[in-house]
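Undergrad: Got a structure here, written out as structure tokens. Questions coming.
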Amino acid sequence: MSGFKGNLSKQQEEALVAFRARLSDDLSSFSTDSKIILWGVELQVDNSKTDVILLKFLRAREFKVQEAATALLDCLRWRKEFKVDEVMTEEFPEAITSLGFIHKHDKDGRPVMYNVYGNIDIKQAFEAQGGIDRFIRWRVQLMETAIQQLDMDKIEDMVIIHDYNGASMLKMDANMKAASKTLIELFQKYYPELLARKFFINIPWFFEAVYSVVSLLVNERTKSKFVLCSKDSIREKLISYIPVENLPREYGGMSETKRTNTSTNLEDKNQGRVEEVVLDTGKDGRYEVKVVVEEQGTVYWEFTAISNDVGFSARLLSPEETKENVRKDEKKLKETDFMVPYTRSEGKAGSFIAPSAGTYLLLWDNTYSLFAKKKIYHRVFVDNSTSVDNRPSELIPTTDASTLD
């Protein structure tokens, strides 16, 4: 992408050289400190990381060197006046901290920040001690925490997700609007080019008006990074950028956060490689994983489906089914024959105790769909901690088996 280190036009390279040449004098006019650090980078040191910082201000000002230099000094002055370093040690009430969190990384290693707007307690967030200013200081702290995960080399920007689930026009009082406007202007001015992509999800009916206001406050370059997700496209769009094992379960992923508390032990144990499978339609719409348990064990499983549901069940195969690679007619089986009875879902996670050695069948089913193929992500892990030799269990994906009446 043009304008980034290693991909500069001749004009852009000249602007960077000019900015670099005047940097020492500019910094001297700001402070007599021998070491001025911005986002973990010492600006007086002439290296590639310093260039990354300078290029952020240049891109934000269309490579106009004077404007970029002024913006950098304005940023440094603001940080000093705002006392950003002190903000990083402040503590804030849960009513505020519950409104945002940073969780894992996207497919390119960028940190992902989640801003949650649906459960705002107006009184606690904006009207309690500290008011709007306290909320803004917390939001700056969250941004700075995400920046600490950037190395300003291979990773220099982040992904932000705005979740409006449960948001209401009734909650958007004057204080909230004022805080939002201040933050948009603040981040636009003092945190340039730190955004790789911003997703807007669970958008309420009145969002069009909100988005119109936001659009007026940001430049076209920033606006080009916005992605509006319809309710049906949230899971698919987020997973296209964020590994499913890094995406929180509440958004269709497989990762645990403090907000959900639905751990399956798969993530805790760092076990179970995530597999991607596309289920065909009709009679070809079955996908099986056979889990060989040597002794007793606990089988952990989890899956998420992209667009619409799939069927899932788990049961112990009979010796004949295992030996001949045939299948009983599941419709004729009793519910007690299953470790996990058949249900249809867009995503589930759970576990069951395998009471004896044998081969257990985990089945994903799309045979009931005539036209829509389904993509699923799944992982399975067996904890054999109760077995004698504690050897890992074998996972055997299969898709074809004859039916045993």
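So you can find residues: chains in the structure tokens are A, B, ... in the order shown, residues in each start at 1, and ligands are numbered from 1 in order.
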Please list as a ChimeraX atom specification every residue within 12 Å of range 59-72 of chain A, counting only C-alpha atoms and excluding residues in the same chain fewer than 2 positions away.
TA: /A:1-5,8-27,29-30,36-38,43,51-57,74-79,187-195,218-222
Undergrad: Which parts of range 192-317 of chain A does DSSP call alpha helix (DSSP H) when run on the backbone here, written out as a list in words?
TA: Phe207, Glu208, Ala209, Val210, Tyr211, Ser212, Val213, Val214, Ser215, Leu216, Leu217, Glu220, Arg221, Thr222, Lys223, Ile234, Arg235, Glu236, Lys237, Leu238, Ile239, Ser240 and Tyr241 of chain A
Undergrad: Skip Lys373 in chain A itself and residues of its chain fewer than 6 positions away, then list as a CSV table (one decimal) with N, CA, C and O atoms, in the first residue's frame all residues within 10 Å of it, counting only C-alpha atoms.
TA:
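And here's selection29.csv as it stands now:
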chain,number,residue,atom,x,y,z
A,278,VAL,N,-16.1,-27.4,4.7
A,278,VAL,CA,-17.3,-27.0,4.0
A,278,VAL,C,-18.2,-28.2,3.8
A,278,VAL,O,-17.8,-29.2,3.2
A,279,LEU,N,-19.4,-28.2,4.4
A,279,LEU,CA,-20.4,-29.3,4.3
A,279,LEU,C,-21.2,-29.1,3.0
A,279,LEU,O,-21.7,-28.0,2.7
A,280,ASP,N,-21.2,-30.2,2.2
A,280,ASP,CA,-22.0,-30.2,1.0
A,280,ASP,C,-23.5,-30.2,1.3
A,280,ASP,O,-23.9,-30.2,2.5
A,281,THR,N,-24.3,-30.4,0.3
A,281,THR,CA,-25.8,-30.4,0.6
A,281,THR,C,-26.3,-31.8,0.3
A,281,THR,O,-25.6,-32.7,-0.2
A,282,GLY,N,-27.6,-32.1,0.8
A,282,GLY,CA,-28.2,-33.4,0.5
A,282,GLY,C,-27.4,-34.5,1.1
A,282,GLY,O,-26.8,-34.4,2.2
A,285,GLY,N,-23.9,-34.2,2.6
A,285,GLY,CA,-23.7,-33.1,3.6
A,285,GLY,C,-23.3,-33.6,5.0
A,285,GLY,O,-23.8,-33.1,6.0
A,306,ILE,N,-20.7,-20.8,9.7
A,306,ILE,CA,-20.8,-19.5,9.0
A,306,ILE,C,-22.1,-19.5,8.2
A,306,ILE,O,-22.2,-20.2,7.2
A,307,SER,N,-23.0,-18.6,8.6
A,307,SER,CA,-24.3,-18.5,8.0
A,307,SER,C,-25.2,-19.7,8.1
A,307,SER,O,-24.9,-20.8,7.5
A,308,ASN,N,-26.2,-19.7,8.9
A,308,ASN,CA,-27.1,-20.7,9.1
A,308,ASN,C,-26.6,-21.9,10.0
A,308,ASN,O,-25.4,-22.0,10.2
A,310,VAL,N,-26.1,-26.0,11.5
A,310,VAL,CA,-25.8,-27.3,11.0
A,310,VAL,C,-26.2,-28.3,12.2
A,310,VAL,O,-26.3,-27.9,13.3
A,366,ASN,N,-25.5,-31.6,7.3
A,366,ASN,CA,-26.2,-30.6,6.5
A,366,ASN,C,-27.0,-31.3,5.4
A,366,ASN,O,-27.3,-30.7,4.4
A,367,THR,N,-27.4,-32.6,5.6
A,367,THR,CA,-28.1,-33.3,4.6
A,367,THR,C,-29.5,-32.8,4.4
A,367,THR,O,-30.1,-33.0,3.4
Undergrad: Which one is closest to Ser230 in chain A: A:Glu245, A:Asn115, A:Ala179, A:Tyr164? Count only C-alpha atoms.
TA: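 Among A:Glu245, A:Asn115, A:Ala179, A:Tyr164, it is A:Tyr164 that comes nearest to Ser230 in chain A.
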Undergrad: Of the candidates A:Arg110, A:Lys49, A:Arg137, A:Arg249, which one gets nearest to Gln149 in chain A if we count only C-alpha atoms?
TA: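 Checking each candidate against Gln149 in chain A, we get A:Arg110 as the closest.
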Undergrad: One decimal, Å: what's the distance from CA of Asn202 in chain A over to CA of His162 in chain A, could you say?
TA: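 Calculated distance between CA of Asn202 in chain A and CA of His162 in chain A is 8.6 Å.
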Undergrad: Considering only C-alpha atoms, can you say which of A:Glu250, A:Met176, A:Trp138, A:Glu185 comes closest to Glu90 in chain A?
TA: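 Closest residue, counting only C-alpha atoms: A:Trp138.
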Undergrad: Just want the 8 Å neighbourhood of Val293 in chain A, counted on only C-alpha atoms, with same-chain residues fewer than 6 positions away dropped. Output as an MDAnalysis selection string.
TA: chainID A and resid 354 356:360 382 384 393:394
Undergrad: Please, what distance in Å, to one decimal, runs between CA of Asp108 in chain A and CA of Thr89 in chain A?
TA: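 Between these atoms lies a distance of 29.3 Å.
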Undergrad: Pick from A:Arg344, A:Lys334, A:Asn175, A:Asp153: nearest to Ile136 in chain A, with only C-alpha atoms counted?
TA: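 Of all the options, A:Asn175 lies closest to Ile136 in chain A.
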Undergrad: Give me, please, the distance in Å between CA of Gln148 in chain A and CA of Leu186 in chain A, quoted to one decimal.
TA: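 Straight-line distance from CA of Gln148 in chain A to CA of Leu186 in chain A works out to 18.5 Å.
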Undergrad: Within 12 Å of range 375-377 of chain A, counting only C-alpha atoms, which residues show up once you throw out same-chain ones fewer than 3 positions away? Write them as a PyMOL selection string, please.
TA: chain A and resi 235-236+239+243-245+247+252-254+272-281+285-287+301-312+345-349+364-366+372+380
Undergrad: Report the residues of range 64-255 of chain A whose backbone DSSP state falls under strand (DSSP E or B), written as a PyMOL selection string.
TA: chain A and resi 100-105+111-116+158-163+195-201+226-228+248+255
Undergrad: Report as an NGL selection string all protein, DNA and RNA residues lying within 12 Å of Ile132 in chain A, evaluated on only C-alpha atoms, omitting residues in the same chain fewer than 4 positions from it.
TA: :A and (96 or 122-128 or 136-139 or 173-183)
Undergrad: Output C-alpha atoms of each residue in that selection to a file, as a short mmCIF file (atom, residue, chain, number, x, y, z; two decimals), in the first residue's frame.
TA:
data_model
loop_
_atom_site.label_atom_id
_atom_site.label_comp_id
_atom_site.auth_asym_id
_atom_site.auth_seq_id
_atom_site.Cartn_x
_atom_site.Cartn_y
_atom_site.Cartn_z
CA ILE A 96 -16.67 2.08 32.51
CA ILE A 122 -25.27 6.66 31.68
CA LYS A 123 -25.19 7.75 35.30
CA GLN A 124 -22.16 5.65 36.19
CA ALA A 125 -20.25 6.34 32.98
CA PHE A 126 -20.86 10.05 32.52
CA GLU A 127 -22.55 11.56 35.57
CA ALA A 128 -20.65 10.01 38.49
CA ILE A 136 -12.37 10.09 28.11
CA ARG A 137 -9.31 9.33 30.25
CA TRP A 138 -10.31 5.67 30.41
CA ARG A 139 -10.81 5.56 26.65
CA ASP A 173 -28.07 11.78 26.20
CA ALA A 174 -26.10 15.03 25.85
CA ASN A 175 -23.17 13.72 27.92
CA MET A 176 -22.74 10.64 25.77
CA LYS A 177 -22.92 12.65 22.56
CA ALA A 178 -20.39 15.15 23.90
CA ALA A 179 -18.00 12.38 24.95
CA SER A 180 -18.31 10.67 21.56
CA LYS A 181 -17.64 13.88 19.65
CA THR A 182 -14.61 14.70 21.82
CA LEU A 183 -13.12 11.22 21.39
#
